[in-house]
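Q: Could you have a look at this structure, given as structure tokens, before my questions?
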Amino acid sequence: MVERANHVLAIDVGSTTSKALLFGYSDDGMQLLGRAVAATTVEKPTQNVMIGIDRALRRLQEQCQRPLLEEGQIITKGESDRGVDLVVATSSAGGGLQMLVTGLVRSLTAESAERAALGAGAVVTDVIAMDDARLVVERIRRVRELRPDMILLTGGTDEGAIGHVGGMAEYIAAANPTPKAGAGYRMPVIYAGNVQAREFVTTILSELMDVYVVDNIRPKLEEEVLDKVRDEIHRLFLNHVMAHAPGYQDLLTVAGGHIQPTPTAVGKMMERLATLHDTDVLGLDIGGATTDVFSVTGGQYHRSVSANLGMSYSLGNVLVQASPERILSWLPFEFSESELRNLNFNKMIRPESLPETIEELMVEHALAREAMRLSFEHHMKLAVTLKGIRIERTMDEVFDQKPTGQPLVSLDRVGSIVGSGGVLAHAPRPAQAAMLLIDALEPKGITRLFLDAEFMLPQLGALAEVNEQEAEKLLVDECLLPLGTVIAPVGKAHAGRVIADINVEGRGEFSLTAGSLKVVPLKADEEVDIVVKPRAGYDIGLGRNRPLESRVRGGEVGLILDGRGRPLMLPAQEHERIRSLKEWMEALKAYPEREATADRGVM
Amino acid sequence: MATNAQVKVIEQAKVQRTRRLPLPGMILVEMGQEVAPDTLLARSDLLPGDPYVLDMAQEFGVKKARANPSFMDEVMEAKVGDRVERGAVLARQSGTFGQKTITSPVTGVVEFISRVNHRVFIREDGKSANPVVLIPAAKLLDVWPRMLRMYTQVKEGDEVKQGQILAASPSTVSWDCAYASVAGTIEKICTRTGTITLVRKAKPTLVDAYISGKVTHIEEAESVEVTTAAAFVQGVFGIGGETYGRLVVLAGRDEELTADMITSEHAGCVVVGGNRVSLEAMQKALSEEVKAIVAGGVDNIDLVQVAGREITIGLTGLEEMALTVVLTEGFGSMPMHERIWDLLKQHEGTVVSVNGATQIRAGTIRPEVIVPLPDVDWEGLSHADEPVTDETTTVEPGTLVRVVSRTHYGKWGRIKRVVPEPVRLPTEASVYVVEIQLEDGQVIRAAETNIEIVTEQ
């Protein structure tokens with residue numbers, strides 16, 4: 001930890017916007033003093049990230065009435081009335097850190113390499129393995145087509161043959177991909193494979209690329225070592241990738257090296273939250289082009305990126321992957337597929353546009369539910385093996401490492417869910433964000449819901465690097481907006497049948513019926529005892545029909561009693577489906593009751 | 001304030017296009033030469049796509065495990081970059097029983113030599129590449145020719161890759177296989193001769209000028225830059241690649257382009273429609289060999305039918321389509337803006353260049369219509385590809401904008417007032433809005449994020 005900094009400037013350079021947050025000390029410790037946003041300027045014509053940051057800082061200094069810039073430079077020697085003492089930064093501009101990973105066997109080294117890259121905050125553009133179905137020339141062509149920031153080359157255990165991993169190195173050499181950063185930049189390649197092949201691989205690649213050797217990611221079949229690779233990715237991200245990105249050299253200088261990929265910073269805060277709440281945590285950040293899912297289960301951190309699921313650039317893909325029928329099924333009014341498609345693609349070609357009517361908002365939320373559901377499904381397929389620790393397996397288990405293996409994330413063990421990203425944070429009512437999270441992720445048992453309403457998680461992750469305690473305090477006090485607690489017994493029953501009796505201290509006894517959704521008002525600072533007695537074979541976490549006593553907190557929405565069962569099935573009949581959706585939306589008071597009613601019969 | 005991508009309707013601009021060969025070749029024009037869209041600028045005889053691959057360990061009958069990297073150093077006579085003729089010696093190995101040589105099965109350039117995998121990649125020369133390849137499949141599988149179809153894994157019309165298994169039969173210890181020696185299309189499976197005929201594209205790569213203009217820069221063996229003064233219209237979305245043709249305006253700006261408007265007279269033309277182009281009209285355009293359609297809008301579902309696939313990410317232009325479609329407004333029925341329609345109408349009869357390529361993210365490529373103006377000097381004109389302005393000078397009273405909210409989608413007008421305080425929308429979101437006077441005099445409000453600024457020049 002560094003010495004106490006009175007004023008900290010935290011910058012997050014995103015793909016579309018650059019955000020600047022100013023934190024300062026008061027009697028209650030560190031607090032958020034102001035927040036400003038400007039368009040990111042990493043692309044043409046400006047091609048200098050500092051221009052966008054400068055614009056954001058001008059707004060921030062006006063807002064906070066504290067000079068932060070002098071002759072276009074950030075005042076990094078803080079005084080009582082001007083400047084800052086510390087600058088920290090995160091970046092995901094230009095599509096974030098894009099990596100190509102390779103391994104010999106898709107389910108062994110290549111999968112470990114993918115996990116290491118994802119865990120380090122990268123977007124994995126492709127995974128190439130010797131046993132994938134592609135022909136040699138196809139692999140080479142694919143490597144050539146991609147323009148990654150970095151390549152991770154793995155393969156072989158330490159006692160294995162060196163030929164295959166050398167062959168993979170040759171394919172990379174044959175492709176000689178152009179780095180995204182362009183001319184004058186040599187592609188960094190991290191080699192984390194068979195130690196016997198280090199010299200061989202280095203000889204093949206060093207004429208064309210910069211090769212960095214680290215410990216083997218899979219020294220034995222039963223052992224997975226990810227830390228060294230992750231650290232090296234992080235180091236090269238700073239020293240190699242960032243240093244060549246337009247304007248980043250200046251940012252690196254002012255941030256004094258305190259800069260990291262945005263997902264890494266978010267992941268760190270997820271881990272902290274899991275420790276704070278002493279539970280498994282699920283986080284979901286839905287962006288314009290991609291959706292990141294983070295989970296911390298049993299102390300292990302996992303991350304996945306769904307590269308083509310997002311709420312603007314990738315909307316076409318959401319529509320196709322989810323199917324128009326599924327998206328339309330979330331609308332409590334009739335809407336044609338043609339209208340949906342036109343609306344969807346108009347948003348895709350104009351990503352900045354916002355819904356102006358309730359109807360458009362509901363369509364956007366229907367798309368968001370499906371984008372989040374698909375991203376979570378993707379995460380469940382990827383988070384299937386232990387990560388970052390020494391793993392002892394039997395031989396049978398070793399050969400059974402498939403992405404379709406038993407998922408490690410179990411929703412009945414997830415006690416907190418954090419939602420982030422524009423469509424959730426900009427939802428006019430917090431109840432909408434809560435409803436989207438519940439419908440998309442289908443939490444089981446008792447789960448708290450939070451919203452990163454101010455997009456602060458990355459900055460806090462960066463701040464945590466230098467001041468853990470304050471970052472943690474700000475996470476609770478300023479960043480996470482408690483939406484409420486959802487109580488969702490698991491089971492199936494005919495609509496209308498009582499599935500649980502729920503006693504809420506000071507609020508009374510509630511009978512929860514199958515297919516219903518109820519809200520018990522409970523504020524964020526209120527904490528009450530509850531007793532949930534499931535019936536009809538339903539399970540609240542301790543087994544079928546077994547009662548559970550717990551202490552729960554409220555939030556912006558309150559205590560949400562979800563009797564819709566798991567998996568959540570919408571009624572098949574059109575009129576039933578619309579009636580149910582309206583009832584659920586009314587129960588949460590999720591949408592205004594007028595406007596759409598007039599022309600579409602909503603509510 | 002962040003605004004949406006700015007669209008362009010420019011009456012006179014400097015347009016420059018660099019035309020690049022995918023593989024090294026010959027430049028066919030000279031500096032300063034006047035070119036038309038169909039003028040060939042460059043040619044490469046090397047075949048694009050996957051190179052020809054030879055496995056040297058297999059050719060020499062050496063087991064992979066015994067062939068170390070030095071094996072290739074010992075046997076290879078050709079080096080990377082060498083031009084080799086068909087039949088020329090590529091590699092030579094001396095053994096107890098004399099010398100064995102491996103000759104090149106194709107004419108081309110050695111592109112890569114893999115020491116670890118013992119492979120040689122040859123980029124074939126299209127001029128000498130054999131367009132038809134016969135694979136004696138029945139003989140290779142040791143089966144009767146008339147039984148061949150029982151063993152084939154492909155059928156006529158299938159596209160196959162080099163090395164792909166075409167037919168396989170079980171042998172005593174494993175499988176006998178007939179592989180595709182080149183990438184191509186299965187032309188015939190003959191059960192009389194027991195052969196599989198493969199046809200492949202063996203044409204040289206030709207690069208045309210795409211736009212009319214003058215050659216202003218040449219990079220030897222690689223690229224040619226063509227420059228012209230032109231009227232320039234940028235659309236919002238398109239599919240299909242570069243094309244050109246005579247401009248014909250078939251429908252009014254607020255009129256639907258229907259199938260009956262398109263006739264055989266429009267073959268090779270770029271036709272301009274109004275608020276929407278119907279599915280039938282696009283199908284008719286395809287059958288009448290119309291080169292491109294420029295319209296205000298189209299229903300997405302119709303475009304998907306014509307393209308034959310879903311449009312999943314905002315990246316188009318690489319579709320192999322005979323028809324290019326450029327939308328100037330968006331999806332749905334949307335009147336084409338008067339300025340675009342008037343500009344195109346004004347140049348009716350001119351040969352224009354059209355490209356439907358669209359990339360929404362990173363780089364933001366929008367589809368384009370380029371109307372060359374040969375009598376106009378481009379010196380002093382602004383560059384059509386230059387960004388319009390920076391974000392601080394965009395939204396102010398008088399700025400010409402296009403509304404992109406669904407209620408007033410595609411309407412154009414001028415900003416009357418920038419409302420200083422956030423306004424609560426029916427959705428309850430509080431956002432900054434502007435008041436816009438539409439062309440018919442009506443004044444509406446739209447969120448700042450729901451307008452596009454239009455370049456005026």
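FYI, nothing fancy with the structure tokens labels: chains A, B, ... in order, residues from 1 per chain, ligands from 1 as they appear.
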I need the contact residues of chain B against chain A, so if you could list those with any atom within 6 Å, counting only C-alpha atoms, and return them as a list in words, that would help.
A: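 Every residue meeting the condition is included here: Asn4, Val116, Asn117, Asn300, Thr312, Ile313, Phe331, Gly332, Pro426, Thr427, Glu428, Ala429, Thr449 and Asn450 of chain B.
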Q: Give me, as an MDAnalysis selection string, all polymer residues having an atom no more than 10 Å from Lys139 in chain B, counting only C-alpha atoms and skipping those fewer than 5 positions away in the same chain.
A: chainID B and resid 144:145 148 178 193:195
Q: Please produce an output containing N, CA, C and O atoms for each residue in the selection, written as a PDB file, in the first residue's frame.
A:
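Result file out_32.pdb:
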ATOM      1  N   TRP B 144     -14.311 -51.611 -56.853  1.00  0.00           N
ATOM      2  CA  TRP B 144     -14.835 -51.530 -58.215  1.00  0.00           C
ATOM      3  C   TRP B 144     -15.350 -50.122 -58.474  1.00  0.00           C
ATOM      4  O   TRP B 144     -16.040 -49.544 -57.608  1.00  0.00           O
ATOM      5  N   PRO B 145     -15.059 -49.631 -59.681  1.00  0.00           N
ATOM      6  CA  PRO B 145     -15.532 -48.274 -59.983  1.00  0.00           C
ATOM      7  C   PRO B 145     -17.028 -48.083 -59.755  1.00  0.00           C
ATOM      8  O   PRO B 145     -17.461 -47.078 -59.218  1.00  0.00           O
ATOM      9  N   LEU B 148     -18.104 -47.100 -56.325  1.00  0.00           N
ATOM     10  CA  LEU B 148     -17.441 -45.931 -55.725  1.00  0.00           C
ATOM     11  C   LEU B 148     -18.361 -45.093 -54.832  1.00  0.00           C
ATOM     12  O   LEU B 148     -17.978 -44.656 -53.750  1.00  0.00           O
ATOM     13  N   ALA B 178      -9.062 -41.567 -50.278  1.00  0.00           N
ATOM     14  CA  ALA B 178      -8.744 -40.727 -51.439  1.00  0.00           C
ATOM     15  C   ALA B 178      -8.896 -39.282 -50.979  1.00  0.00           C
ATOM     16  O   ALA B 178      -9.972 -38.892 -50.517  1.00  0.00           O
ATOM     17  N   THR B 193     -15.456 -44.826 -64.660  1.00  0.00           N
ATOM     18  CA  THR B 193     -13.980 -44.791 -64.613  1.00  0.00           C
ATOM     19  C   THR B 193     -13.451 -44.875 -63.189  1.00  0.00           C
ATOM     20  O   THR B 193     -12.252 -45.083 -62.974  1.00  0.00           O
ATOM     21  N   GLY B 194     -14.321 -44.673 -62.219  1.00  0.00           N
ATOM     22  CA  GLY B 194     -13.891 -44.714 -60.808  1.00  0.00           C
ATOM     23  C   GLY B 194     -13.112 -43.485 -60.381  1.00  0.00           C
ATOM     24  O   GLY B 194     -12.322 -43.541 -59.438  1.00  0.00           O
ATOM     25  N   THR B 195     -13.353 -42.369 -61.071  1.00  0.00           N
ATOM     26  CA  THR B 195     -12.613 -41.137 -60.727  1.00  0.00           C
ATOM     27  C   THR B 195     -13.535 -40.071 -60.136  1.00  0.00           C
ATOM     28  O   THR B 195     -14.743 -40.079 -60.375  1.00  0.00           O
TER      29      THR B 195
END
Q: Between CA of Leu408 in chain A and CA of Pro219 in chain A, what is the distance in Å, rounded to a tenth?
A: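 Distance reported for this atom pair: 23.5 Å.
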Q: Between CA of Ser416 in chain A and CA of Arg115 in chain A, what is the distance, to one decimal in Å?
A: 23.2 Å
Q: Write out as a ChimeraX atom specification all residues of range 197-267 of chain B that backbone DSSP assigns to strand (DSSP E or B).
A: /B:197-199,205-208,213-219,223-234,237-239,242-249,256-257
Q: Keeping only N, CA, C and O atoms, write the selected residues as a short mmCIF file (atom, residue, chain, number, x, y, z; two decimals), in the first residue's frame.
A:
data_model
loop_
_atom_site.label_atom_id
_atom_site.label_comp_id
_atom_site.auth_asym_id
_atom_site.auth_seq_id
_atom_site.Cartn_x
_atom_site.Cartn_y
_atom_site.Cartn_z
N THR B 197 -13.83 -35.98 -60.20
CA THR B 197 -13.30 -34.80 -60.90
C THR B 197 -13.49 -33.56 -60.03
O THR B 197 -14.59 -33.28 -59.56
N LEU B 198 -12.38 -32.87 -59.84
CA LEU B 198 -12.39 -31.63 -59.05
C LEU B 198 -12.14 -30.45 -59.98
O LEU B 198 -11.22 -30.51 -60.81
N VAL B 199 -12.93 -29.43 -59.85
CA VAL B 199 -12.69 -28.21 -60.63
C VAL B 199 -12.36 -27.10 -59.67
O VAL B 199 -12.99 -26.96 -58.61
N THR B 205 -5.94 -12.88 -60.12
CA THR B 205 -6.65 -11.84 -59.37
C THR B 205 -6.53 -10.53 -60.14
O THR B 205 -5.41 -10.07 -60.43
N LEU B 206 -7.68 -9.97 -60.46
CA LEU B 206 -7.68 -8.71 -61.20
C LEU B 206 -8.27 -7.62 -60.30
O LEU B 206 -9.27 -7.85 -59.64
N VAL B 207 -7.64 -6.48 -60.29
CA VAL B 207 -8.16 -5.37 -59.48
C VAL B 207 -8.57 -4.25 -60.42
O VAL B 207 -7.76 -3.75 -61.21
N ASP B 208 -9.86 -3.90 -60.34
CA ASP B 208 -10.32 -2.79 -61.19
C ASP B 208 -10.31 -1.48 -60.40
O ASP B 208 -10.01 -1.46 -59.21
N GLY B 213 -11.64 8.19 -62.37
CA GLY B 213 -10.73 9.20 -61.82
C GLY B 213 -9.36 9.11 -62.45
O GLY B 213 -9.21 8.61 -63.57
N LYS B 214 -8.38 9.57 -61.71
CA LYS B 214 -7.01 9.64 -62.23
C LYS B 214 -6.08 8.88 -61.27
O LYS B 214 -6.28 8.94 -60.05
N VAL B 215 -5.09 8.18 -61.83
CA VAL B 215 -4.12 7.46 -60.99
C VAL B 215 -3.20 8.49 -60.33
O VAL B 215 -2.54 9.26 -61.02
N THR B 216 -3.18 8.51 -58.99
CA THR B 216 -2.39 9.53 -58.29
C THR B 216 -1.23 8.94 -57.48
O THR B 216 -0.40 9.68 -56.96
N HIS B 217 -1.21 7.62 -57.33
CA HIS B 217 -0.07 7.03 -56.61
C HIS B 217 0.01 5.54 -56.96
O HIS B 217 -1.01 4.88 -57.09
N ILE B 218 1.24 5.06 -57.11
CA ILE B 218 1.44 3.63 -57.40
C ILE B 218 2.47 3.06 -56.43
O ILE B 218 3.53 3.65 -56.23
N GLU B 219 2.13 1.95 -55.81
CA GLU B 219 3.12 1.19 -55.04
C GLU B 219 3.42 -0.05 -55.85
O GLU B 219 2.53 -0.90 -56.04
N SER B 223 -0.18 -1.75 -55.10
CA SER B 223 -1.42 -0.98 -55.08
C SER B 223 -1.40 0.23 -56.00
O SER B 223 -0.33 0.69 -56.41
N VAL B 224 -2.60 0.72 -56.28
CA VAL B 224 -2.78 1.92 -57.11
C VAL B 224 -3.81 2.80 -56.42
O VAL B 224 -4.83 2.32 -55.96
N GLU B 225 -3.51 4.09 -56.36
CA GLU B 225 -4.48 5.02 -55.76
C GLU B 225 -5.16 5.80 -56.88
O GLU B 225 -4.51 6.31 -57.77
N VAL B 226 -6.50 5.86 -56.81
CA VAL B 226 -7.27 6.61 -57.80
C VAL B 226 -7.97 7.76 -57.09
O VAL B 226 -8.52 7.58 -56.00
N THR B 227 -7.94 8.94 -57.71
CA THR B 227 -8.55 10.12 -57.08
C THR B 227 -9.52 10.76 -58.06
O THR B 227 -9.28 10.77 -59.27
N THR B 228 -10.59 11.27 -57.49
CA THR B 228 -11.56 11.99 -58.32
C THR B 228 -12.31 13.02 -57.48
O THR B 228 -12.34 12.91 -56.24
N ALA B 229 -12.88 13.99 -58.15
CA ALA B 229 -13.87 14.85 -57.48
C ALA B 229 -15.21 14.16 -57.67
O ALA B 229 -15.47 13.58 -58.73
N ALA B 230 -16.04 14.19 -56.64
CA ALA B 230 -17.30 13.44 -56.75
C ALA B 230 -18.35 14.00 -55.81
O ALA B 230 -18.03 14.67 -54.82
N ALA B 231 -19.60 13.73 -56.17
CA ALA B 231 -20.68 13.93 -55.20
C ALA B 231 -20.69 12.66 -54.36
O ALA B 231 -20.51 11.56 -54.89
N PHE B 232 -20.87 12.82 -53.05
CA PHE B 232 -20.68 11.68 -52.16
C PHE B 232 -21.86 11.52 -51.21
O PHE B 232 -22.24 12.46 -50.52
N VAL B 233 -22.44 10.35 -51.22
CA VAL B 233 -23.55 10.06 -50.29
C VAL B 233 -23.16 8.86 -49.45
O VAL B 233 -22.72 7.84 -49.98
N GLN B 234 -23.31 9.01 -48.15
CA GLN B 234 -23.00 7.90 -47.25
C GLN B 234 -24.32 7.34 -46.72
O GLN B 234 -25.16 8.09 -46.24
N PHE B 237 -26.50 1.67 -43.78
CA PHE B 237 -26.28 0.23 -43.74
C PHE B 237 -26.35 -0.31 -45.16
O PHE B 237 -27.06 0.21 -45.99
N GLY B 238 -25.60 -1.35 -45.42
CA GLY B 238 -25.64 -1.94 -46.75
C GLY B 238 -25.20 -3.39 -46.72
O GLY B 238 -24.65 -3.87 -45.72
N ILE B 239 -25.47 -4.08 -47.79
CA ILE B 239 -24.90 -5.42 -47.98
C ILE B 239 -24.41 -5.50 -49.42
O ILE B 239 -24.85 -4.74 -50.28
N GLU B 242 -18.45 -3.90 -53.78
CA GLU B 242 -18.29 -2.80 -54.75
C GLU B 242 -18.94 -3.14 -56.07
O GLU B 242 -18.83 -4.28 -56.55
N THR B 243 -19.57 -2.16 -56.66
CA THR B 243 -20.10 -2.32 -58.01
C THR B 243 -20.24 -0.94 -58.64
O THR B 243 -19.97 0.08 -57.99
N TYR B 244 -20.67 -0.89 -59.88
CA TYR B 244 -20.89 0.39 -60.54
C TYR B 244 -21.90 0.20 -61.64
O TYR B 244 -22.12 -0.92 -62.13
N GLY B 245 -22.53 1.29 -62.02
CA GLY B 245 -23.53 1.21 -63.08
C GLY B 245 -24.18 2.56 -63.30
O GLY B 245 -23.95 3.51 -62.54
N ARG B 246 -25.01 2.61 -64.33
CA ARG B 246 -25.69 3.87 -64.66
C ARG B 246 -26.78 4.13 -63.62
O ARG B 246 -27.52 3.22 -63.25
N LEU B 247 -26.84 5.37 -63.18
CA LEU B 247 -27.80 5.73 -62.12
C LEU B 247 -29.19 5.96 -62.72
O LEU B 247 -29.34 6.76 -63.66
N VAL B 248 -30.18 5.27 -62.16
CA VAL B 248 -31.56 5.45 -62.62
C VAL B 248 -32.45 5.64 -61.40
O VAL B 248 -32.42 4.82 -60.48
N VAL B 249 -33.21 6.73 -61.38
CA VAL B 249 -34.12 6.97 -60.26
C VAL B 249 -35.49 6.43 -60.65
O VAL B 249 -36.09 6.88 -61.62
N GLU B 256 -42.61 3.70 -52.48
CA GLU B 256 -41.97 2.39 -52.35
C GLU B 256 -41.46 1.91 -53.71
O GLU B 256 -42.13 2.07 -54.72
N LEU B 257 -40.27 1.33 -53.71
CA LEU B 257 -39.72 0.75 -54.94
C LEU B 257 -40.29 -0.66 -55.07
O LEU B 257 -40.00 -1.53 -54.25
#
Q: Suppose you want the space between CA of Ala493 in chain A and CA of Arg535 in chain A; what is it in Å?
A: 10.1 Å
Q: Among the residues of range 222-310 of chain B, find those DSSP assigns to helix (DSSP H, G or I) from the backbone and print them as a ChimeraX atom specification.
A: /B:259-261,264-266,279-287,300-307
Q: Using only C-alpha atoms, what does the table of range 110-143 of chain B residues within 8 Å of range 162-176 of chain B look like, with each row giving the shortest atom pair and its distance in Å to one decimal, sorted by chain and ascending number, as a Markdown table?
A:
| residue | atom | partner | partner_atom | distance |
| --- | --- | --- | --- | --- |
| B:Ala137 | CA | B:Ala167 | CA | 6.9 |
| B:Leu140 | CA | B:Asp176 | CA | 7.1 |
| B:Leu141 | CA | B:Asp176 | CA | 5.4 |
Q: Can you spit out the residues from that selection as a JSON list (two decimals), in the first residue's frame, using N, CA, C and O atoms?
A:
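What landed in selection37.json:
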[["chain", "number", "residue", "atom", "x", "y", "z"],
["B", 137, "ALA", "N", -10.07, -42.35, -57.49],
["B", 137, "ALA", "CA", -10.53, -42.76, -56.17],
["B", 137, "ALA", "C", -10.71, -44.28, -56.05],
["B", 137, "ALA", "O", -10.26, -44.90, -55.08],
["B", 140, "LEU", "N", -7.43, -45.98, -55.77],
["B", 140, "LEU", "CA", -6.79, -45.72, -54.47],
["B", 140, "LEU", "C", -7.43, -46.55, -53.36],
["B", 140, "LEU", "O", -6.78, -46.98, -52.42],
["B", 141, "LEU", "N", -8.74, -46.75, -53.49],
["B", 141, "LEU", "CA", -9.44, -47.51, -52.44],
["B", 141, "LEU", "C", -9.45, -49.01, -52.73],
["B", 141, "LEU", "O", -9.89, -49.80, -51.89]]
Q: Can you pull out every residue within 12 Å of range 321-323 of chain B, counting only C-alpha atoms, but drop anything in the same chain fewer than 2 positions away, and send it as number ranges by chain?
A: B: 238-245, 267-271, 281-294, 303, 306-309, 316-319, 325-326, 354-357
Q: I need the residue nearest Asp477 in chain A from this list: A:Arg369, A:Gln31, A:Ile128, A:Phe333. Use only C-alpha atoms for the distance.
A: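 Using only C-alpha atoms, Asp477 in chain A sits closest to A:Gln31.
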Q: Determine, counting only C-alpha atoms, which protein, DNA and RNA residues have an atom within 12 Å of an atom of Gln63 in chain A; residues of the same chain fewer than 3 positions away are not included. Present the result as a PyMOL selection string.
A: chain A and resi 20-22+33-37+56-60+66-68
Q: Please identify all polymer residues within 8 Å of Glu159 in chain B, counting only C-alpha atoms, omitting same-chain residues fewer than 5 positions from it, and present them as a list in words.
A: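 Counting only C-alpha atoms, the residues come to Ala183, Gly184, Thr185 and Ile186 of chain B.
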Q: Selection from above, all heavy atoms, as a CSV table (one decimal), in the first residue's frame, can you write it?
A:
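Saved as part.csv:
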chain,number,residue,atom,x,y,z
B,183,ALA,N,-7.9,-27.7,-53.5
B,183,ALA,CA,-9.2,-27.2,-53.0
B,183,ALA,C,-10.0,-26.9,-54.3
B,183,ALA,O,-9.5,-26.5,-55.3
B,183,ALA,CB,-9.1,-25.9,-52.2
B,184,GLY,N,-11.3,-27.2,-54.2
B,184,GLY,CA,-12.2,-27.0,-55.4
B,184,GLY,C,-13.6,-27.5,-55.2
B,184,GLY,O,-14.0,-27.7,-54.1
B,185,THR,N,-14.3,-27.6,-56.4
B,185,THR,CA,-15.7,-28.1,-56.3
B,185,THR,C,-15.7,-29.5,-57.0
B,185,THR,O,-15.1,-29.7,-58.0
B,185,THR,CB,-16.6,-27.1,-57.1
B,185,THR,OG1,-16.3,-25.8,-56.6
B,185,THR,CG2,-18.0,-27.5,-56.9
B,186,ILE,N,-16.5,-30.4,-56.4
B,186,ILE,CA,-16.7,-31.7,-57.0
B,186,ILE,C,-17.5,-31.6,-58.2
B,186,ILE,O,-18.7,-31.2,-58.1
B,186,ILE,CB,-17.3,-32.7,-56.0
B,186,ILE,CG1,-16.5,-32.8,-54.7
B,186,ILE,CG2,-17.5,-34.1,-56.6
B,186,ILE,CD1,-15.2,-33.5,-54.8
